[in-house]
Every structure is written in structure tokens, then in C-alpha cells.
$ cat target24.tsv   # TSV, C-alpha atoms and all ligand atoms
chain	number	residue	atom	x	y	z
K	1481	MET	CA	60.49	68.88	97.80
K	1482	GLY	CA	58.44	67.73	94.90
K	1483	VAL	CA	55.11	69.30	94.17
K	1484	TYR	CA	55.33	71.76	96.90
K	1485	ALA	CA	58.59	73.43	96.51
K	1486	GLY	CA	58.74	77.02	96.00
K	1487	GLY	CA	64.27	83.42	94.89
K	1488	SER	CA	66.58	87.34	96.21
K	1489	SER	CA	65.73	90.48	94.38
K	1490	ARG	CA	66.56	92.99	97.01
K	1491	MET	CA	68.52	94.87	94.38
K	1492	LEU	CA	65.98	94.41	91.62
K	1493	VAL	CA	63.28	96.76	92.80
K	1494	THR	CA	63.41	99.76	90.54
K	1495	PRO	CA	63.01	103.15	92.12
K	1496	CYS	CA	59.67	104.92	92.42
K	1497	PRO	CA	58.96	107.76	90.06
K	1498	GLU	CA	60.82	110.89	91.01
K	1499	GLY	CA	59.30	112.49	94.07
K	1500	VAL	CA	57.63	109.30	95.30
K	1501	THR	CA	60.47	107.51	96.98
K	1502	PRO	CA	58.83	105.98	100.07
K	1503	LEU	CA	57.62	102.42	99.51
K	1504	PHE	CA	54.70	102.95	101.78
K	1505	ALA	CA	53.28	106.20	100.55
K	1506	PRO	CA	49.66	107.04	101.38
K	1507	LYS	CA	46.95	105.27	99.46
K	1508	PHE	CA	45.95	108.30	97.38
K	1509	ILE	CA	49.48	108.52	95.97
K	1510	PHE	CA	49.33	104.95	94.71
K	1511	SER	CA	45.86	105.54	93.28
K	1512	LEU	CA	47.21	108.59	91.51
K	1513	LEU	CA	50.12	106.56	90.15
K	1514	ASP	CA	47.69	104.02	88.86
K	1515	THR	CA	45.53	106.63	87.19
K	1516	MET	CA	48.59	108.20	85.62
K	1517	ASN	CA	49.79	104.76	84.59
K	1518	LEU	CA	52.99	105.26	86.55
K	1519	ASN	CA	54.88	102.67	88.46
K	1520	TYR	CA	54.65	100.99	91.82
K	1521	PRO	CA	57.94	100.51	93.68
K	1522	TRP	CA	58.69	97.31	91.77
K	1523	GLY	CA	58.86	99.22	88.52
K	1524	ASP	CA	55.55	98.73	86.71
K	1525	SER	CA	51.87	99.61	87.04
K	1526	ARG	CA	50.57	96.20	88.13
K	1527	ARG	CA	49.37	96.09	91.70
K	1528	PHE	CA	51.73	93.32	92.70
K	1529	ASN	CA	55.35	92.49	92.05
K	1530	SER	CA	54.82	89.97	89.28
K	1531	TYR	CA	57.10	87.16	88.15
K	1532	SER	CA	56.80	88.26	84.51
K	1533	GLY	CA	57.73	91.83	85.44
K	1534	TYR	CA	60.69	90.49	87.40
K	1535	PHE	CA	62.05	88.66	84.37
K	1536	ARG	CA	61.34	91.60	82.09
K	1537	ARG	CA	63.51	93.76	84.36
K	1538	LEU	CA	66.13	91.09	84.87
K	1539	MET	CA	66.42	89.67	81.37
K	1540	GLY	CA	64.68	92.18	79.16
K	1541	GLY	CA	61.82	89.91	78.10
K	1542	ARG	CA	59.72	86.81	78.54
K	1543	VAL	CA	61.28	83.59	79.82
K	1544	GLN	CA	59.42	80.27	79.78
K	1545	LYS	CA	59.95	77.58	82.39
K	1546	VAL	CA	60.34	74.03	81.10
K	1547	THR	CA	59.49	71.48	83.77
K	1548	LEU	CA	61.86	68.50	84.06
K	1549	ASP	CA	62.21	65.37	86.10
K	1550	ALA	CA	65.85	64.37	86.62
K	1551	GLY	CA	64.93	61.26	88.60
K	1552	PHE	CA	66.02	62.50	91.99
K	1553	GLY	CA	64.39	60.95	95.04
K	1554	CYS	CA	63.18	62.30	98.31
K	1555	PRO	CA	64.48	61.43	101.79
K	1556	ASN	CA	60.98	61.79	103.13
K	1557	ARG	CA	59.84	58.88	100.98
K	1558	ASP	CA	62.85	56.56	100.73
K	1559	GLY	CA	63.11	55.84	104.44
K	1560	THR	CA	65.96	58.24	105.24
K	1561	ILE	CA	63.53	60.51	107.06
K	1562	SER	CA	60.33	58.58	106.56
K	1563	THR	CA	58.64	56.35	104.02
K	1564	GLY	CA	55.25	58.03	103.96
K	1565	GLY	CA	56.28	61.41	102.53
K	1566	CYS	CA	54.42	64.62	103.20
K	1567	THR	CA	50.78	63.77	103.72
K	1568	PHE	CA	49.71	66.00	100.77
K	1569	CYS	CA	52.36	64.78	98.31
K	1570	ASP	CA	51.52	63.63	94.82
K	1571	ASN	CA	54.25	64.59	92.35
K	1572	GLU	CA	52.35	63.12	89.41
K	1573	ALA	CA	49.68	65.78	89.58
K	1574	PHE	CA	52.11	68.52	88.54
K	1575	CYS	CA	54.26	66.81	85.94
K	1576	PRO	CA	53.59	67.49	82.23
K	1577	SER	CA	53.58	64.57	79.79
K	1578	TYR	CA	57.03	65.34	78.25
K	1579	CYS	CA	58.61	65.29	81.68
K	1580	ARG	CA	59.69	61.74	82.56
K	1581	PRO	CA	62.92	60.71	84.31
K	1582	GLY	CA	63.70	57.93	81.76
K	1583	LYS	CA	64.60	60.58	79.17
K	1584	SER	CA	67.85	62.51	79.20
K	1585	ILE	CA	67.79	66.08	80.49
K	1586	ARG	CA	68.57	67.36	77.00
K	1587	GLN	CA	65.70	65.38	75.48
K	1588	GLN	CA	63.24	66.58	78.12
K	1589	ILE	CA	64.29	70.19	77.56
K	1590	GLU	CA	64.05	69.91	73.77
K	1591	GLU	CA	60.62	68.27	73.98
K	1592	GLY	CA	59.53	70.82	76.58
K	1593	ILE	CA	60.58	73.71	74.34
K	1594	GLU	CA	58.64	72.15	71.45
K	1595	PHE	CA	55.62	71.57	73.70
K	1596	HIS	CA	55.54	75.22	74.72
K	1597	ALA	CA	56.19	76.44	71.19
K	1598	ARG	CA	53.10	74.54	70.00
K	1599	ARG	CA	50.80	75.90	72.71
K	1600	TYR	CA	52.00	79.34	73.59
K	1601	ARG	CA	53.81	82.19	71.98
K	1602	THR	CA	57.48	81.42	71.85
K	1603	ALA	CA	59.57	82.86	74.62
K	1604	GLY	CA	62.94	82.43	72.95
K	1605	ARG	CA	64.61	81.81	76.30
K	1606	PHE	CA	63.90	79.07	78.76
K	1607	LEU	CA	64.55	78.15	82.33
K	1608	ALA	CA	65.09	74.48	83.09
K	1609	TYR	CA	62.78	73.90	86.02
K	1610	PHE	CA	63.58	70.88	88.18
K	1611	GLN	CA	60.35	70.42	90.05
K	1612	ALA	CA	59.77	66.77	90.91
K	1613	TYR	CA	60.98	65.47	94.26
K	1614	SER	CA	64.17	66.88	95.86
K	1615	ASN	CA	66.59	68.06	93.19
K	1616	THR	CA	69.65	68.43	95.40
K	1617	TYR	CA	69.22	65.04	97.03
K	1618	ALA	CA	72.31	63.35	95.48
K	1619	PRO	CA	76.08	63.62	95.67
K	1620	LEU	CA	77.60	66.77	94.18
K	1621	GLU	CA	78.96	64.85	91.18
K	1622	ARG	CA	75.44	63.84	90.16
K	1623	LEU	CA	74.23	67.43	90.54
K	1624	ARG	CA	77.05	68.59	88.26
K	1625	GLU	CA	76.07	66.08	85.57
K	1626	VAL	CA	72.43	67.12	85.63
K	1627	TYR	CA	72.76	70.91	85.86
K	1628	ASP	CA	75.78	71.23	83.57
K	1629	GLU	CA	73.84	69.24	80.94
K	1630	ALA	CA	70.77	71.45	81.32
K	1631	LEU	CA	72.80	74.64	80.96
K	1632	SER	CA	74.52	73.29	77.83
K	1633	VAL	CA	71.24	73.10	75.86
K	1634	PRO	CA	70.81	76.05	73.47
K	1635	GLY	CA	68.12	78.50	74.62
K	1636	VAL	CA	68.45	77.62	78.31
K	1637	ALA	CA	69.05	80.83	80.20
K	1638	GLY	CA	69.19	79.29	83.63
K	1639	ILE	CA	67.96	76.72	86.11
K	1640	VAL	CA	65.37	76.68	88.84
K	1641	VAL	CA	65.99	73.91	91.34
K	1642	GLY	CA	63.17	72.79	93.63
K	1643	THR	CA	64.27	71.01	96.78
K	1644	ARG	CA	63.76	70.47	100.47
K	1645	PRO	CA	65.53	72.80	102.90
K	1646	ASP	CA	67.28	69.83	104.51
K	1647	CYS	CA	68.78	68.63	101.20
K	1648	ILE	CA	71.34	71.40	100.77
K	1649	ASP	CA	74.80	72.04	102.18
K	1650	GLU	CA	77.65	74.52	101.79
K	1651	GLU	CA	79.43	72.46	99.12
K	1652	LYS	CA	76.37	72.18	96.90
K	1653	LEU	CA	75.54	75.85	97.37
K	1654	ASP	CA	79.12	76.79	96.38
K	1655	TYR	CA	78.58	74.87	93.14
K	1656	PHE	CA	75.32	76.70	92.42
K	1657	ALA	CA	76.91	80.02	93.39
K	1658	ALA	CA	79.65	79.44	90.78
K	1659	LEU	CA	76.99	78.76	88.12
K	1660	ALA	CA	75.15	81.90	89.21
K	1661	HIS	CA	78.10	84.07	88.17
K	1662	THR	CA	77.12	83.63	84.53
K	1663	ARG	CA	73.60	82.14	84.47
K	1664	TYR	CA	70.28	82.58	86.20
K	1665	VAL	CA	70.17	80.18	89.14
K	1666	ALA	CA	67.36	79.94	91.64
K	1667	ILE	CA	66.85	77.42	94.41
K	1668	GLU	CA	63.22	76.96	95.43
K	1669	TYR	CA	62.58	75.57	98.86
K	1670	GLY	CA	59.38	73.89	99.86
K	1671	ILE	CA	58.67	75.53	103.21
K	1672	GLU	CA	54.89	75.14	103.24
K	1673	SER	CA	54.32	76.65	106.68
K	1674	CYS	CA	56.19	78.69	109.31
K	1675	TYR	CA	54.51	76.68	112.05
K	1676	ASP	CA	56.40	73.65	113.35
K	1677	ARG	CA	53.23	72.07	114.65
K	1678	THR	CA	51.77	72.08	111.15
K	1679	LEU	CA	55.00	70.80	109.60
K	1680	LYS	CA	54.98	67.93	112.03
K	1681	LYS	CA	51.35	67.11	111.38
K	1682	VAL	CA	51.87	66.89	107.63
K	1683	ASN	CA	54.95	64.72	108.17
K	1684	ARG	CA	57.20	67.25	106.49
K	1685	GLY	CA	60.28	65.92	108.26
K	1686	HIS	CA	61.95	69.28	108.88
K	1687	ASP	CA	61.16	72.33	110.93
K	1688	PHE	CA	60.94	76.03	110.05
K	1689	ALA	CA	64.41	76.77	111.49
K	1690	THR	CA	65.89	74.39	108.91
K	1691	ALA	CA	64.07	76.25	106.15
K	1692	ARG	CA	65.23	79.63	107.43
K	1693	ARG	CA	68.84	78.40	107.60
K	1694	ALA	CA	68.74	77.05	104.03
K	1695	VAL	CA	67.24	80.28	102.66
K	1696	GLU	CA	69.84	82.41	104.48
K	1697	MET	CA	72.78	80.23	103.35
K	1698	THR	CA	71.55	80.43	99.76
K	1699	ALA	CA	70.90	84.17	99.69
K	1700	ALA	CA	74.31	84.80	101.31
K	1701	ARG	CA	75.85	83.38	98.10
K	1702	ASN	CA	73.81	85.71	95.86
K	1703	ILE	CA	71.76	82.83	94.52
K	1704	HIS	CA	68.10	83.70	93.92
K	1705	VAL	CA	65.96	82.00	96.53
K	1706	GLY	CA	62.35	80.97	96.15
K	1707	ALA	CA	59.90	79.51	98.61
K	1708	HIS	CA	56.63	77.67	98.41
K	1709	PHE	CA	53.82	77.87	100.92
K	1710	ILE	CA	50.47	76.09	101.15
K	1711	LEU	CA	47.48	78.05	102.39
K	1712	GLY	CA	44.85	75.99	104.18
K	1713	LEU	CA	46.78	73.18	105.84
K	1714	PRO	CA	44.63	71.66	108.57
K	1715	GLY	CA	44.95	73.37	111.94
K	1716	GLU	CA	45.98	76.76	110.51
K	1717	THR	CA	43.51	79.63	110.90
K	1718	GLU	CA	43.29	82.70	108.69
K	1719	GLN	CA	44.82	84.76	111.50
K	1720	MET	CA	47.78	82.35	111.68
K	1721	LEU	CA	48.31	82.74	107.95
K	1722	LEU	CA	48.16	86.53	108.19
K	1723	ASP	CA	50.60	86.47	111.12
K	1724	GLN	CA	52.90	84.17	109.16
K	1725	THR	CA	53.65	87.00	106.71
K	1726	GLU	CA	55.96	88.56	109.30
K	1727	LYS	CA	58.18	85.47	109.30
K	1728	ILE	CA	58.07	85.31	105.51
K	1729	ASN	CA	59.04	88.98	105.23
K	1730	ALA	CA	62.06	88.31	107.43
K	1731	LEU	CA	63.41	85.69	105.01
K	1732	PRO	CA	65.88	86.90	102.32
K	1733	LEU	CA	63.72	85.55	99.50
K	1734	THR	CA	63.54	86.72	95.89
K	1735	THR	CA	60.40	84.90	94.81
K	1736	ILE	CA	57.47	83.26	96.52
K	1737	LYS	CA	54.70	80.91	95.48
K	1738	PHE	CA	51.48	80.16	97.28
K	1739	HIS	CA	48.98	77.45	96.57
K	1740	GLN	CA	45.62	76.83	98.09
K	1741	LEU	CA	45.50	73.39	99.67
K	1742	GLN	CA	44.49	70.78	97.13
K	1743	LEU	CA	43.85	67.18	98.04
K	1744	PHE	CA	45.04	64.47	95.70
K	1745	ARG	CA	43.76	60.95	95.34
K	1746	GLY	CA	45.72	58.30	97.14
K	1747	THR	CA	47.48	60.69	99.53
K	1748	ALA	CA	47.40	60.35	103.30
K	1749	MET	CA	45.76	63.76	103.54
K	1750	ALA	CA	42.93	62.70	101.24
K	1751	ALA	CA	42.25	59.81	103.62
K	1752	GLU	CA	42.29	62.22	106.60
K	1753	TYR	CA	39.79	64.41	104.81
K	1754	ALA	CA	37.51	61.49	104.04
K	1755	ALA	CA	37.58	60.50	107.70
K	1756	SER	CA	37.20	63.96	109.17
K	1757	PRO	CA	36.20	66.65	106.66
K	1758	SER	CA	35.37	69.19	109.38
K	1759	ARG	CA	39.10	69.54	110.15
K	1760	PHE	CA	39.62	71.13	106.72
K	1761	HIS	CA	38.68	74.51	105.35
K	1762	PHE	CA	38.54	75.14	101.62
K	1763	TRP	CA	37.89	78.69	100.46
K	1764	PRO	CA	35.52	79.19	97.56
K	1765	LEU	CA	37.45	80.86	94.74
K	1766	LYS	CA	36.31	84.46	95.30
K	1767	GLU	CA	36.88	84.20	99.04
K	1768	TYR	CA	40.33	82.74	98.47
K	1769	ILE	CA	41.27	85.65	96.21
K	1770	ASP	CA	40.09	88.13	98.82
K	1771	PHE	CA	41.97	86.31	101.55
K	1772	PHE	CA	45.14	86.14	99.47
K	1773	ILE	CA	44.89	89.89	98.89
K	1774	ASP	CA	44.82	90.31	102.67
K	1775	ILE	CA	48.11	88.41	102.75
K	1776	LEU	CA	49.55	90.30	99.79
K	1777	GLU	CA	48.91	93.63	101.51
K	1778	ARG	CA	51.23	92.49	104.30
K	1779	LEU	CA	54.04	91.13	102.10
K	1780	ARG	CA	57.30	92.99	101.45
K	1781	PRO	CA	57.02	94.96	98.19
K	1782	ASP	CA	60.27	93.53	96.81
K	1783	LEU	CA	59.09	89.92	97.10
K	1784	VAL	CA	58.30	88.65	93.62
K	1785	ILE	CA	54.97	86.83	93.57
K	1786	GLU	CA	55.36	83.88	91.27
K	1787	ARG	CA	52.00	82.33	91.96
K	1788	PHE	CA	49.12	82.72	94.37
K	1789	ALA	CA	46.99	79.72	93.46
K	1790	GLY	CA	46.84	76.86	91.02
K	1791	GLU	CA	44.69	74.04	89.84
K	1792	ALA	CA	45.92	70.52	89.07
K	1793	PRO	CA	44.00	68.43	86.51
K	1794	PRO	CA	40.59	67.38	87.96
K	1795	ARG	CA	41.36	63.66	87.63
K	1796	TYR	CA	43.86	63.94	90.51
K	1797	HIS	CA	41.57	65.68	92.96
K	1798	ALA	CA	40.07	64.11	96.08
K	1799	GLY	CA	38.61	67.24	97.66
K	1800	PRO	CA	36.64	70.37	96.81
K	1801	VAL	CA	37.80	72.09	93.64
K	1802	TRP	CA	37.12	75.37	91.86
K	1803	GLY	CA	36.35	73.66	88.59
K	1804	LEU	CA	37.98	74.24	85.29
K	1805	VAL	CA	39.57	77.60	85.91
K	1806	ARG	CA	42.77	78.35	84.06
K	1807	ASN	CA	45.71	80.19	85.60
K	1808	GLU	CA	45.15	83.17	83.27
K	1809	GLN	CA	41.56	83.44	84.50
K	1810	LEU	CA	42.71	83.27	88.12
K	1811	LEU	CA	45.21	86.03	87.46
K	1812	ALA	CA	42.62	88.22	85.74
K	1813	MET	CA	40.16	87.80	88.63
K	1814	PHE	CA	42.92	88.57	91.13
K	1815	GLU	CA	43.98	91.76	89.36
K	1816	GLN	CA	40.40	92.89	88.95
K	1817	ARG	CA	39.77	92.40	92.65
K	1818	LEU	CA	42.95	94.31	93.55
K	1819	ALA	CA	41.65	97.22	91.48
K	1820	GLU	CA	38.16	96.99	93.02
K	1821	ARG	CA	39.65	97.10	96.49
K	1822	ASP	CA	42.12	99.76	95.37
K	1823	THR	CA	44.95	98.01	97.12
K	1824	TRP	CA	48.40	96.59	96.30
K	1825	GLN	CA	51.23	94.44	97.56
K	1826	GLY	CA	52.80	95.79	100.73
K	1827	ARG	CA	50.10	98.36	101.48
K	1828	LEU	CA	50.04	97.22	105.12
K	1829	TYR	CA	53.72	96.21	105.33
K	1830	VAL	CA	55.32	98.06	108.17
K	1831	GLY	CA	58.95	97.16	107.52
K	1832	ALA	CA	61.49	95.29	109.60
T	1901	LIG	S1	57.35	63.78	100.22
T	1901	LIG	FE1	57.32	65.99	100.58
T	1901	LIG	S2	59.45	66.64	100.26
T	1901	LIG	FE2	59.21	64.58	99.33
T	1901	LIG	S3	58.68	64.92	97.17
T	1901	LIG	FE3	56.75	64.77	98.31
T	1901	LIG	S4	56.21	66.94	98.83
T	1901	LIG	FE4	58.38	66.91	98.25
$ encode --input "target24.tsv" --output "C-alpha cells"
Amino acid sequence: MGVYAGGSSRMLVTPCPEGVTPLFAPKFIFSLLDTMNLNYPWGDSRRFNSYSGYFRRLMGGRVQKVTLDAGFGCPNRDGTISTGGCTFCDNEAFCPSYCRPGKSIRQQIEEGIEFHARRYRTAGRFLAYFQAYSNTYAPLERLREVYDEALSVPGVAGIVVGTRPDCIDEEKLDYFAALAHTRYVAIEYGIESCYDRTLKKVNRGHDFATARRAVEMTAARNIHVGAHFILGLPGETEQMLLDQTEKINALPLTTIKFHQLQLFRGTAMAAEYAASPSRFHFWPLKEYIDFFIDILERLRPDLVIERFAGEAPPRYHAGPVWGLVRNEQLLAMFEQRLAERDTWQGRLYVGA
């Protein structure tokens, strides 16, 4: 799944404060909760079900992801499905410097832990995040070598495995389910869009039904399931993206990530943009935040929002960018806008 990959916490939503049990209480009740610094249905006072809050509830504290490249391939690039790959794909743009497949998994994790320790406050516990390409695209024996090695490194609390929905089967899921008895295990599927026409146009090589099947098979084994979606793929209108939330809400996901469409140099999509820019729509930053809030209002309250946007290093870009805006700044702007609009995740969710 590579760059655009993307977990089940149905049981992780903590109850509302006593007397406020309905998830979809009137707006004034939530405003009151906010004023009183009480909790939303996910168990804290932030206006969305955050990834950090999820891990605080699940593991009692902060957990840092360490990105790794185990050298897996992708059937959408090696000729099994196609040779071109997804038209937006550029794995390089998202891979930190310590993360190279020539190094052993242990070495990458140790260097990754050191990297994070130098830059950020130490988390103490880490998740080995297999992001590049399709990390279940190999025989089961190879998966065992990689993931057993990762879980043997001190400090590693679990694994997050990014992959394509068509690179999983019952046998592999049974292996991950056995690991999940004692460790944190999440499989992140790159879904990107619920619309088959879009998936075809970006040469994704699978349809939405395949993604839904993979998510359901994974969740049925009590493995956390994540999904990744891109907002702004050519041909998709804002209304289509708002409507898509219904299909997302019907998936048994734990976590979800969204990214605004970013174009990377050398990709097929960058060439399409150069040839026909009018087919693309890029939201300015403030408009994107407002539009994402429209989506968030429709999302199930128990869906953990891992990310709503991101920026790759400018040197990779081939399209409009927001400039040098860090993820922390994006998050601060997002939360400020949620407060200004006095809204929250799931405000317009009407249930199944
Ligand atoms: S071609 Fe598509 S599925 Fe393959 S690594 Fe790139 S984004 Fe992931």
C-alpha cells in the first residue's frame, strides 16, 4: 500500500459522564461539557477522538511510531497487477532517513528510537510501523521473520502493518491475530476512496468491495484495523466525499487517516496535472480544514482520527502546497476551528 495506507476500538470508547449517555446529545450539552471541561463520548475533552487519546486510554501513556522499511514489494508495481503503480505513488516522500530496507529490522528500530529521542520527548514505548509498500505481500514465513524480529526489540509495544486490501488472506490474518493476543497489532489498509470509478482511474488495482472484505476479515479476528483515504482525487466532488462518510462509518475500523491530495514529482498523477490542471482541485489550507470538519461531523464518534492532513517535504512536491506548515500547527489550527464552529466529531452522525 505504500505511502497511502491507512484500526477497531468499538470497545474502547469510554462512557459519557453520568447522566449524558447518548452519543448524539444536543449541541448545548456538548458545549456545556466543554465549558465544564468534561468529556466527549470518547473519554476526553478534545473535540475529536484523537490518536493520542486512544493510546492513553489503551496503554496508559504516549507511544511513538517508528517508521520502517522491511523491503516488501507491491503487486501494483512488480507486474502482478500492473507495473505503473497507483498514479499518485511515491514512497520516498514519506520515508525518514533511518528507514532503509538494506538495514535489519532491529537496526532500523534502534536507529528510529534514537532519532525520535533526539528530536522529541521520549515516549518510552514504540510501535514498529511498517509503512513502505505492501507489508503483507510475501509468504507467511517471511512475515513471521520480519514481525517476530520487530516484536523482539526492547521497547516495542506492537506493530502497525500498512498494506493493500488485496494482499491479505485468512492464514496471514490468523498469524497476526495470534500476535494480537499479547501485543498491539494493527493492520492499516490503503483504501483511498469508496468509489470504484476513482480507484480505477488512479490505477489502484482493487475495488472497494475488496477493501471492505479485508477490513471485515481483520476486525473479525479482533485485530485493530486502520484505513487511509485521500481527499481530493480527481473526479471526486465535495458532495461525494461527504457522502462517502456513510460507507466509511459502516466499516468496522478502529483508526482512520485522511490526507489531502499531494502531487509528487515523477508520478503519473503529476504528469496528468501538468497536462490538465483544471481536472484537479486543491483546497487552500483554511478551506481544507473547514471541509474536513464537515466530514468529521459525519464520522462515527468511536472512529479514532489518526490524521486529517499532512505535508511531505517541499522537494518532492509537483503541485500546489500549503508551505512549511508543521503537523503540530495543522492540529492547532484544526482544534481552534472546531472550537470556533462549536462542533465536534459525530455531531451530524445519525447512526447505522
Ligand atoms: S503502487 Fe499503490 S499500493 Fe503500491 S506501494 Fe504505491 S501506493 Fe502503495
$ residues_near_ligand --input "target24.tsv" --ligand "ligand LIG 1901 (chain T)" --cutoff "9 Å" --atoms "all atoms listed in the file" --output "PDB file with C-alpha atoms, in the frame of the given file"
ATOM      1  CA  MET K1481      60.490  68.880  97.800  1.00  0.00           C
ATOM      2  CA  GLY K1482      58.440  67.730  94.900  1.00  0.00           C
ATOM      3  CA  VAL K1483      55.110  69.300  94.170  1.00  0.00           C
ATOM      4  CA  TYR K1484      55.330  71.760  96.900  1.00  0.00           C
ATOM      5  CA  ALA K1485      58.590  73.430  96.510  1.00  0.00           C
ATOM      6  CA  GLY K1553      64.390  60.950  95.040  1.00  0.00           C
ATOM      7  CA  CYS K1554      63.180  62.300  98.310  1.00  0.00           C
ATOM      8  CA  PRO K1555      64.480  61.430 101.790  1.00  0.00           C
ATOM      9  CA  ASN K1556      60.980  61.790 103.130  1.00  0.00           C
ATOM     10  CA  ARG K1557      59.840  58.880 100.980  1.00  0.00           C
ATOM     11  CA  ASP K1558      62.850  56.560 100.730  1.00  0.00           C
ATOM     12  CA  SER K1562      60.330  58.580 106.560  1.00  0.00           C
ATOM     13  CA  THR K1563      58.640  56.350 104.020  1.00  0.00           C
ATOM     14  CA  GLY K1564      55.250  58.030 103.960  1.00  0.00           C
ATOM     15  CA  GLY K1565      56.280  61.410 102.530  1.00  0.00           C
ATOM     16  CA  CYS K1566      54.420  64.620 103.200  1.00  0.00           C
ATOM     17  CA  THR K1567      50.780  63.770 103.720  1.00  0.00           C
ATOM     18  CA  PHE K1568      49.710  66.000 100.770  1.00  0.00           C
ATOM     19  CA  CYS K1569      52.360  64.780  98.310  1.00  0.00           C
ATOM     20  CA  ASP K1570      51.520  63.630  94.820  1.00  0.00           C
ATOM     21  CA  ASN K1571      54.250  64.590  92.350  1.00  0.00           C
ATOM     22  CA  ALA K1612      59.770  66.770  90.910  1.00  0.00           C
ATOM     23  CA  TYR K1613      60.980  65.470  94.260  1.00  0.00           C
ATOM     24  CA  SER K1614      64.170  66.880  95.860  1.00  0.00           C
ATOM     25  CA  GLY K1642      63.170  72.790  93.630  1.00  0.00           C
ATOM     26  CA  THR K1643      64.270  71.010  96.780  1.00  0.00           C
ATOM     27  CA  ARG K1644      63.760  70.470 100.470  1.00  0.00           C
ATOM     28  CA  GLY K1670      59.380  73.890  99.860  1.00  0.00           C
ATOM     29  CA  VAL K1682      51.870  66.890 107.630  1.00  0.00           C
ATOM     30  CA  ASN K1683      54.950  64.720 108.170  1.00  0.00           C
ATOM     31  CA  ARG K1684      57.200  67.250 106.490  1.00  0.00           C
ATOM     32  CA  GLY K1685      60.280  65.920 108.260  1.00  0.00           C
TER      33      GLY K1685
END
$ closest_residue --input "target24.tsv" --among "K:Gly1638, K:Gly1604, K:Pro1793, K:Gly1831" --to "Pro1781 (chain K)" --atoms "only C-alpha atoms"
K:Gly1831
$ closest_residue --input "target24.tsv" --among "K:Ala1730, K:Ile1648, K:Ala1658, K:Val1633" --to "Thr1616 (chain K)" --atoms "all atoms listed in the file"
K:Ile1648
$ residues_around --input "target24.tsv" --residues "region 1812-1814 of chain K" --least-positions-apart "5" --cutoff "9 Å" --atoms "only C-alpha atoms" --output "list in words"
Lys1766, Ile1769, Asp1770, Phe1772, Ile1773, Asn1807 and Ala1819 of chain K
$ atom_distance --input "target24.tsv" --atom1 "CA of Gly1533 (chain K)" --atom2 "CA of Gln1825 (chain K)"
14.0 Å
$ axis_aligned_box --input "target24.tsv" --around "region 1526-1529 of chain K" --padding-each-side "5 Å" --output "AutoDock Vina command-line options"
--center_x 52.4 --center_y 94.3 --center_z 90.4 --size_x 16.0 --size_y 13.7 --size_z 14.6
$ atom_distance --input "target24.tsv" --atom1 "CA of Arg1586 (chain K)" --atom2 "CA of Val1665 (chain K)"
17.7 Å
$ closest_residue --input "target24.tsv" --among "K:Leu1733, K:Lys1727, K:Ala1660, K:His1761" --to "Ala1689 (chain K)" --atoms "all atoms listed in the file"
K:Lys1727
$ atom_distance --input "target24.tsv" --atom1 "CA of Asp1649 (chain K)" --atom2 "CA of Phe1610 (chain K)"
18.0 Å
$ closest_residue --input "target24.tsv" --among "K:Ala1597, K:Val1805, K:Ala1789, K:Cys1647" --to "Pro1619 (chain K)" --atoms "only C-alpha atoms"
K:Cys1647
$ closest_atom_pairs --input "target24.tsv" --of "region 1766-1816 of chain K" --to "region 1734-1747 of chain K" --cutoff "6 Å" --atoms "only C-alpha atoms" --output "JSON lines"
{"residue": "K:Leu1783", "atom": "CA", "partner": "K:Thr1734", "partner_atom": "CA", "distance": 5.6}
{"residue": "K:Val1784", "atom": "CA", "partner": "K:Thr1735", "partner_atom": "CA", "distance": 4.5}
{"residue": "K:Ile1785", "atom": "CA", "partner": "K:Ile1736", "partner_atom": "CA", "distance": 5.3}
{"residue": "K:Glu1786", "atom": "CA", "partner": "K:Lys1737", "partner_atom": "CA", "distance": 5.2}
{"residue": "K:Arg1787", "atom": "CA", "partner": "K:Lys1737", "partner_atom": "CA", "distance": 4.7}
{"residue": "K:Phe1788", "atom": "CA", "partner": "K:Phe1738", "partner_atom": "CA", "distance": 4.5}
{"residue": "K:Ala1789", "atom": "CA", "partner": "K:His1739", "partner_atom": "CA", "distance": 4.3}
{"residue": "K:Gly1790", "atom": "CA", "partner": "K:His1739", "partner_atom": "CA", "distance": 6.0}
{"residue": "K:Tyr1796", "atom": "CA", "partner": "K:Phe1744", "partner_atom": "CA", "distance": 5.3}
{"residue": "K:His1797", "atom": "CA", "partner": "K:Phe1744", "partner_atom": "CA", "distance": 4.6}
{"residue": "K:Ala1798", "atom": "CA", "partner": "K:Arg1745", "partner_atom": "CA", "distance": 4.9}
{"residue": "K:Gly1799", "atom": "CA", "partner": "K:Leu1743", "partner_atom": "CA", "distance": 5.3}
$ closest_residue --input "target24.tsv" --among "K:Tyr1627, K:Pro1521, K:Lys1545, K:Gln1719" --to "His1596 (chain K)" --atoms "all atoms listed in the file"
K:Lys1545
$ residues_around --input "target24.tsv" --residues "Leu1721 (chain K)" --least-positions-apart "5" --cutoff "12 Å" --atoms "all atoms listed in the file" --output "ChimeraX atom specification"
/K:1672-1675,1678,1709-1716,1726-1728,1738,1740,1771-1772,1774-1776,1778-1779
$ closest_residue --input "target24.tsv" --among "K:Asn1729, K:Ile1561, K:Phe1595, K:Trp1763" --to "His1686 (chain K)" --atoms "only C-alpha atoms"
K:Ile1561
